[in-house]
Structure formats: structure tokens, C-alpha cells
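Note sheet for the following structure.
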Amino acid sequence: MRRTPVVASRILSDLTGHEVRLKCENLQRTGSFKPRGAYNRIARLDAEQRARGVVAASAGNHAQGVAWAASQVGIDSTVFMPVGVSLPKLVATKAYGATVHLVGNTVDEALKSAREFAERTGATLIHPFDHLDIVAGQATLGTELLQQMPDVGTIVIPTGGGGLLAGVAAAVKLTKPGIRIVGVQAEGAAAWPASLKAGHPIALTSMSTMADGIAIGLPGSVPFDHVQGWVDDVVTVSEDALSRALVLCIERAKLIVEPAGAAAVAALMTHSADELGLTGSVCAVLSGGNIDPLLLTHVITHGLRAGGRYLAVRVTISDKPGGLTGVLGVVRDAGASVVDVVHSRTGGRLGLEEVDVMLTVETRGPDHRGSVLDALGAAGYAVHVEN
């Protein structure tokens, strides 16, 4: 297990008015915090349990954490993953020594097969968050952080099933009860706010988020009491915020994170210091960095657009020589750079001598984006902004 670094973030410090540092669990073994809990759970198995091996179901971080931890203890591991799992995660899980079975289209379907395997073979099922040993293992992040940031006043943590949030909260609050703990969920997969309000875990009926690492439809019953007793607040962030946070981590901190891993940064970017109740020095946990390169490309593009760095517009122009040159000249004079141009002559609303042009333009931020739109409007173009 690595003692992951804590690095300063000037841009987040300036934005929040508090000293902000990033706890880089994206640099942990296997690329996320998961080995902390998995190793603690597996290392505590007795000789008979070890002989029968362990089994897990996961689409990514937990799979790699279990495979790595089992290899360190010297026992067999079997992991069930959905058929559509990304190739890098599949290859990494196998490389850590696990026998991998591709089953079903979702983690829930893979988990059903993992449970059946456990019943049939006697292998121990390693749950990603709903076990005391897992929570205790994740708590090591909290004790480590207190050593690295003894003056920390607020810790902001990405939250899915609740194992990491519960573990860190327990470790920190039992030592320094005055430290504020804030969990962060994606808006499209936020089971904790309603569950905490009800006083017990409540399952979501549907989920939709790019942050698959924290897309858990039902909070864990084991971590629930810890979260309810020791966590001060749980907030949510939008998809735009997640993608913008990922871009910020890459550009300003030179750190690759996955959308789930950037959730704490997203909260600091989109919620005010008063809304989050920030006090003292702040630590944002980067919980993981395992992201498929193709998905990373899409998320970066999404984040640039959400941050006002890309502008996609449909402009109707004359289908005569010089028509395209005219609109491109307006964009040039506005100081923007054209990334892509697509012509369409088939729109039902177009006149005989008109053509639609889709322009993708690189801008320097929201203000510059607005000035480009103003310039196009002032030049007499009918402009429709594409989402």
C-alpha cells in the first residue's frame, strides 16, 4: 500500500478562500483507494477461508483492488465483470492475478453470478463497501491524512456506497471531532440525501452519470450508521461540474482522475464555501484515476464545453461563393479558433440559396464565448447554439 501524496491547489484555494490540498488516491496501488479496504478484508481471513479463495463483482476499481490484495496475501481470486467492461480495466484485473468471468450487462448481474460462485465453491465474497473490515481498511486514508495535514478543518470525499466516507469519518471524528466531513455524490446517482433524511438506506429507481465509480443505487447498511452519526453533510454535483473538475485536475494539477474521483473538486468549484460549511484548511480526496482513454477524450471535450471553452453553433448562410468566408471572418476577428465545419443543405426550413453550417469553435472561456456570439449576431447571422 502506498502513502499517497497531498498536493496544494492554488486555483481551488483562490476560489474558496481556504487553503485547499488534494489527497491523491488516484496514485494509489491499482489507481484508486479500493486496495485499502480489500487488503484489510482479505488479510483477516483465516487459513480455511484463504484456501477457498475470494470472489468479487465489479466493473473496475474494486475488481483491481481485490485482485491486487489477493495476490499480496497469496490466495486465488475470481472476479465477475459485466460483458461491456472497458478493456483497460479487464486487462489490469487479469494482470493483478484474478481469474475473470464476463457475465451479464450490469454489475448487479455480475454480482448475482459472484454470489452463486461463492455458494458453490465456498469462496469468500468480498463486498466493495458493505463490511466492517472494508470500512476499517478505508479508514486508513483518514489516519494517514491526519498525519499529513494535522491542521485540516474540512475533508470533502466522493461517495458511492459509503465505505470510504464512513471509514474516513470514523477515523477522523474519533480523533478530532471538530473536523467537518462532507460527502459528494453525482446528481444522477444520489441515494444518500434521501436515505439520510429517511433514517435508513433507500434504493434509487434509476441512475445516470458519467461517474460510474460512485454510481451506487443503495447505500450500504454497514457504513450507514457511521455516515449518519459522523458525516456533517452530503452534497451533489452535476455532470457538467464533474467534467469541468476533471479538466481542472489535468490542466492545473497535472493529475489524471476519473469522473468519480473528481467529485470533491467539482463540489469545491460549484458550491460556495458557505454552502459547504468550509472551515480551516480543506482536503479534497481524489478517490480514483482509472479511466478509459476514449472516455477521457469525451469527458475532456464535455468539460471544455461546460467551461465555455468550446462553442458549437448552427449558422444559416448564403449558399453562394464567399458565404462561408464571411462567417469564418467574423469568428477570426472575434479571436476564436475554428475546430470543425460541417455543411448541410437538407434542412427543411432552408431557402433555395441557403445552407446550414455547423461550427465548432474554441474559445477562451464564458466571456469570450459570449463575445463570439455577439459578433455573429451583429454581423446579421441567425445563430442557434448547440448543446
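By convention in this document, the chains of the C-alpha cells carry letters A, B, ... by their order, each chain's residues are numbered from 1, and ligands are numbered from 1 in the order they are shown.
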Using only C-alpha atoms, I'd like a table of the residues in stretch 289-379 of chain A that come within 9 Å of stretch 254-266 of chain A; for each, show the closest atom pair and its distance in Å rounded to one decimal, ordered by chain and ascending number, as CSV.
residue,atom,partner,partner_atom,distance
A:Gly289,CA,A:Val257,CA,3.8
A:Asn290,CA,A:Glu258,CA,5.7
A:Ile291,CA,A:Glu258,CA,5.2
A:Asp292,CA,A:Glu258,CA,8.7
A:Leu296,CA,A:Glu258,CA,7.8
A:Val299,CA,A:Pro259,CA,8.1
Notebook entry, point to check: What are the DSSP helix (DSSP H, G or I) residues of stretch 164-360 of chain A, as number ranges by chain?
Noted result: A: 164-175, 187-189, 192-198, 212-214, 221-230, 239-253, 260-270, 273-276, 293-306, 323-333
Strand (DSSP E or B) residues, from DSSP on the backbone, in stretch 328-374 of chain A, as a PDB file with N, CA, C and O atoms, in the first residue's frame:
ATOM      1  N   SER A 337     -10.910  30.271 -32.572  1.00  0.00           N
ATOM      2  CA  SER A 337     -10.295  29.316 -33.493  1.00  0.00           C
ATOM      3  C   SER A 337     -11.314  28.255 -33.880  1.00  0.00           C
ATOM      4  O   SER A 337     -11.930  27.630 -33.018  1.00  0.00           O
ATOM      5  N   VAL A 338     -11.484  28.058 -35.183  1.00  0.00           N
ATOM      6  CA  VAL A 338     -12.446  27.073 -35.679  1.00  0.00           C
ATOM      7  C   VAL A 338     -11.837  25.674 -35.597  1.00  0.00           C
ATOM      8  O   VAL A 338     -10.753  25.425 -36.111  1.00  0.00           O
ATOM      9  N   VAL A 339     -12.559  24.771 -34.945  1.00  0.00           N
ATOM     10  CA  VAL A 339     -12.108  23.388 -34.797  1.00  0.00           C
ATOM     11  C   VAL A 339     -12.694  22.505 -35.887  1.00  0.00           C
ATOM     12  O   VAL A 339     -12.032  21.618 -36.426  1.00  0.00           O
ATOM     13  N   ASP A 340     -13.959  22.769 -36.261  1.00  0.00           N
ATOM     14  CA  ASP A 340     -14.629  21.888 -37.216  1.00  0.00           C
ATOM     15  C   ASP A 340     -15.720  22.669 -37.948  1.00  0.00           C
ATOM     16  O   ASP A 340     -16.338  23.585 -37.375  1.00  0.00           O
ATOM     17  N   VAL A 341     -15.950  22.320 -39.230  1.00  0.00           N
ATOM     18  CA  VAL A 341     -17.004  22.928 -40.039  1.00  0.00           C
ATOM     19  C   VAL A 341     -17.754  21.821 -40.771  1.00  0.00           C
ATOM     20  O   VAL A 341     -17.137  20.969 -41.415  1.00  0.00           O
ATOM     21  N   VAL A 342     -19.094  21.846 -40.663  1.00  0.00           N
ATOM     22  CA  VAL A 342     -19.922  20.854 -41.347  1.00  0.00           C
ATOM     23  C   VAL A 342     -21.040  21.582 -42.087  1.00  0.00           C
ATOM     24  O   VAL A 342     -21.761  22.383 -41.491  1.00  0.00           O
ATOM     25  N   HIS A 343     -21.193  21.303 -43.404  1.00  0.00           N
ATOM     26  CA  HIS A 343     -22.249  21.892 -44.220  1.00  0.00           C
ATOM     27  C   HIS A 343     -23.471  20.987 -44.250  1.00  0.00           C
ATOM     28  O   HIS A 343     -23.348  19.765 -44.242  1.00  0.00           O
ATOM     29  N   SER A 344     -24.668  21.602 -44.319  1.00  0.00           N
ATOM     30  CA  SER A 344     -25.892  20.835 -44.518  1.00  0.00           C
ATOM     31  C   SER A 344     -26.831  21.633 -45.416  1.00  0.00           C
ATOM     32  O   SER A 344     -27.173  22.776 -45.105  1.00  0.00           O
ATOM     33  N   GLU A 354     -29.765  28.859 -49.493  1.00  0.00           N
ATOM     34  CA  GLU A 354     -29.223  28.889 -48.127  1.00  0.00           C
ATOM     35  C   GLU A 354     -28.590  27.549 -47.773  1.00  0.00           C
ATOM     36  O   GLU A 354     -28.926  26.514 -48.345  1.00  0.00           O
ATOM     37  N   VAL A 355     -27.701  27.599 -46.808  1.00  0.00           N
ATOM     38  CA  VAL A 355     -27.051  26.398 -46.305  1.00  0.00           C
ATOM     39  C   VAL A 355     -26.808  26.563 -44.808  1.00  0.00           C
ATOM     40  O   VAL A 355     -26.538  27.676 -44.346  1.00  0.00           O
ATOM     41  N   ASP A 356     -26.983  25.492 -44.088  1.00  0.00           N
ATOM     42  CA  ASP A 356     -26.656  25.495 -42.651  1.00  0.00           C
ATOM     43  C   ASP A 356     -25.192  25.098 -42.485  1.00  0.00           C
ATOM     44  O   ASP A 356     -24.727  24.135 -43.115  1.00  0.00           O
ATOM     45  N   VAL A 357     -24.499  25.817 -41.648  1.00  0.00           N
ATOM     46  CA  VAL A 357     -23.115  25.497 -41.321  1.00  0.00           C
ATOM     47  C   VAL A 357     -23.009  25.256 -39.824  1.00  0.00           C
ATOM     48  O   VAL A 357     -23.428  26.106 -39.028  1.00  0.00           O
ATOM     49  N   MET A 358     -22.507  24.089 -39.452  1.00  0.00           N
ATOM     50  CA  MET A 358     -22.247  23.799 -38.044  1.00  0.00           C
ATOM     51  C   MET A 358     -20.791  24.117 -37.758  1.00  0.00           C
ATOM     52  O   MET A 358     -19.880  23.526 -38.349  1.00  0.00           O
ATOM     53  N   LEU A 359     -20.561  25.069 -36.880  1.00  0.00           N
ATOM     54  CA  LEU A 359     -19.210  25.471 -36.499  1.00  0.00           C
ATOM     55  C   LEU A 359     -18.914  25.023 -35.074  1.00  0.00           C
ATOM     56  O   LEU A 359     -19.724  25.250 -34.173  1.00  0.00           O
ATOM     57  N   THR A 360     -17.790  24.393 -34.887  1.00  0.00           N
ATOM     58  CA  THR A 360     -17.272  24.135 -33.546  1.00  0.00           C
ATOM     59  C   THR A 360     -16.074  25.039 -33.359  1.00  0.00           C
ATOM     60  O   THR A 360     -15.112  24.979 -34.138  1.00  0.00           O
ATOM     61  N   VAL A 361     -16.148  25.900 -32.355  1.00  0.00           N
ATOM     62  CA  VAL A 361     -15.170  26.972 -32.171  1.00  0.00           C
ATOM     63  C   VAL A 361     -14.533  26.854 -30.791  1.00  0.00           C
ATOM     64  O   VAL A 361     -15.228  26.614 -29.796  1.00  0.00           O
ATOM     65  N   GLU A 362     -13.223  27.012 -30.725  1.00  0.00           N
ATOM     66  CA  GLU A 362     -12.514  27.018 -29.446  1.00  0.00           C
ATOM     67  C   GLU A 362     -12.448  28.442 -28.918  1.00  0.00           C
ATOM     68  O   GLU A 362     -11.985  29.354 -29.611  1.00  0.00           O
TER      69      GLU A 362
END
Checklist line | Non-local contacts of A:Arg309 (7 Å; only C-alpha atoms; under 2 positions in same chain excluded) as a list in words | finding: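 The filter keeps Leu304, Arg305, Gly307, Leu311, Glu362, Thr363, Arg364 and Gly365 of chain A.
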Margin query: Need the shell around A:Ser9: protein/DNA/RNA residues with any atom at most 9 Å away, counting only C-alpha atoms. Skip same-chain ones fewer than 5 positions apart. Format as a list of chain:residue names?
Written below: A:Asp14, A:Glu19, A:Val20, A:Arg21, A:Leu22, A:Arg252, A:Ala253
Written selection (C-alpha atoms) as a tab-separated table (two decimals), in the first residue's frame:
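Contents of the output file part-v2.tsv:
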chain	number	residue	atom	x	y	z
A	14	ASP	CA	-8.23	31.18	-4.52
A	19	GLU	CA	-6.16	26.57	1.71
A	20	VAL	CA	-7.06	23.51	-0.38
A	21	ARG	CA	-4.98	20.38	-0.85
A	22	LEU	CA	-5.68	17.24	-2.86
A	252	ARG	CA	-3.77	22.74	-13.21
A	253	ALA	CA	-2.67	19.81	-11.03
Margin query: Which residues are near A:Val184? Cut-off 6 Å, only C-alpha atoms, ignore same chain within fewer than 4 positions. Put them as a list in words.
Written below: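 Using only C-alpha atoms, the neighbours found are Ile157, Pro158, Thr159, Val234, Val235 and Thr236 of chain A.
Considering only C-alpha atoms, the residue among A:His226, A:His298, A:Arg314, A:Lys197 positioned nearest to A:Leu246 is A:His298.
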Note to self: Under the rule that only C-alpha atoms are counted, which of A:Arg10, A:His18, A:Arg3, A:Ser86 is the nearest residue to A:Leu294?
What the structure shows: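 Looking only at the distances to A:Leu294, the closest residue turns out to be A:Ser86.
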